[in-house]
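Read the structure below first, then the notes.
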Amino acid sequence: FLTDDLALTGMEVSVNRLPAGRVVPFLHRHRHHEELYVFLDGDGEFFADGERIPVTAGTAIRVAPPVARSWRSTGDTPLVYLVIQATEG
């Protein structure tokens, strides 16, 4: 998480690395925060309210607070991505 390092006051930013073949093992939602996922490297699938979206380097996905979300790495290399979270509206 870069929130403290950058003294962010209105958003959270994290840099993430999901190993090849791994999955985030739960769906999650937010009450007030939207999220922007920016995929930097690797291949994977993003799940949003039952929809499966293929992701590769350069894919960006915005997710509204009530949408249930999860993702997995489907390639031979880690899935690397940024998550930016801020209050919707």
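Lettering and numbering for the structure tokens are positional, with chains as A, B, ... in the shown order, residues counted from 1 in each chain, and ligands counted from 1 in the shown order.
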Enumerate, in order of chain and increasing residue number, the residues of stretch 58-77 of chain A with an atom no farther than 6 Å from stretch 18-31 of chain A, each with its shortest atom pair and distance in Å to one decimal, counting only C-alpha atoms, as a Markdown table.
| residue | atom | partner | partner_atom | distance |
| --- | --- | --- | --- | --- |
| A:Pro65 | CA | A:His30 | CA | 4.6 |
| A:Pro66 | CA | A:Arg29 | CA | 5.5 |
| A:Val67 | CA | A:Arg29 | CA | 5.8 |
| A:Ala68 | CA | A:Arg29 | CA | 5.0 |
| A:Arg69 | CA | A:Leu27 | CA | 5.0 |
| A:Ser70 | CA | A:Leu27 | CA | 5.1 |
| A:Trp71 | CA | A:Val24 | CA | 5.8 |
| A:Arg72 | CA | A:Val23 | CA | 4.1 |
| A:Ser73 | CA | A:Gly21 | CA | 5.2 |
| A:Thr74 | CA | A:Gly21 | CA | 5.3 |
| A:Gly75 | CA | A:Ala20 | CA | 5.8 |
| A:Asp76 | CA | A:Ala20 | CA | 5.3 |
| A:Thr77 | CA | A:Ala20 | CA | 5.0 |
Filtering to N, CA and C atoms, could you give me those residues as a CSV table (one decimal), in the first residue's frame?
chain,number,residue,atom,x,y,z
A,65,PRO,N,-19.0,0.2,-6.0
A,65,PRO,CA,-19.0,-0.4,-4.7
A,65,PRO,C,-19.8,-1.7,-4.5
A,66,PRO,N,-21.0,-1.8,-4.9
A,66,PRO,CA,-21.8,-3.0,-4.6
A,66,PRO,C,-21.4,-4.2,-5.4
A,67,VAL,N,-20.6,-4.1,-6.4
A,67,VAL,CA,-20.2,-5.2,-7.3
A,67,VAL,C,-19.3,-6.2,-6.6
A,68,ALA,N,-19.7,-7.5,-6.6
A,68,ALA,CA,-18.9,-8.5,-6.0
A,68,ALA,C,-17.7,-8.8,-6.9
A,69,ARG,N,-16.5,-8.8,-6.4
A,69,ARG,CA,-15.3,-9.0,-7.3
A,69,ARG,C,-14.3,-10.0,-6.8
A,70,SER,N,-13.6,-10.5,-7.7
A,70,SER,CA,-12.4,-11.4,-7.4
A,70,SER,C,-11.6,-11.5,-8.7
A,71,TRP,N,-10.5,-12.2,-8.7
A,71,TRP,CA,-9.6,-12.3,-9.8
A,71,TRP,C,-8.7,-13.4,-9.7
A,72,ARG,N,-8.1,-13.9,-10.8
A,72,ARG,CA,-7.1,-14.9,-10.7
A,72,ARG,C,-6.1,-14.8,-11.8
A,73,SER,N,-4.9,-15.4,-11.5
A,73,SER,CA,-3.8,-15.4,-12.5
A,73,SER,C,-3.9,-16.7,-13.3
A,74,THR,N,-3.9,-16.5,-14.6
A,74,THR,CA,-4.1,-17.7,-15.4
A,74,THR,C,-2.9,-18.0,-16.3
A,75,GLY,N,-1.9,-17.2,-16.2
A,75,GLY,CA,-0.7,-17.4,-17.1
A,75,GLY,C,0.4,-18.1,-16.3
A,76,ASP,N,1.6,-18.2,-17.0
A,76,ASP,CA,2.8,-18.8,-16.4
A,76,ASP,C,3.6,-17.9,-15.6
A,77,THR,N,3.2,-16.6,-15.5
A,77,THR,CA,4.0,-15.6,-14.8
A,77,THR,C,3.0,-14.9,-13.8
Margin query: Please list as a ChimeraX atom specification every residue within 10 Å of stretch 33-42 of chain A, counting only C-alpha atoms and excluding residues in the same chain fewer than 6 positions away.
Written below: /A:11-20,55-67,73-89
Note to self: Run DSSP on the backbone and tell me which residues of chain A come out as strand (DSSP E); list them as number ranges by chain.
What the structure shows: A: 11-18, 33-41, 44-48, 51-55, 60-63, 69-73, 79-87
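Taking atom CA of A:His32 as the reference point, atom CA of A:Gly10 is found at 12.4 Å.
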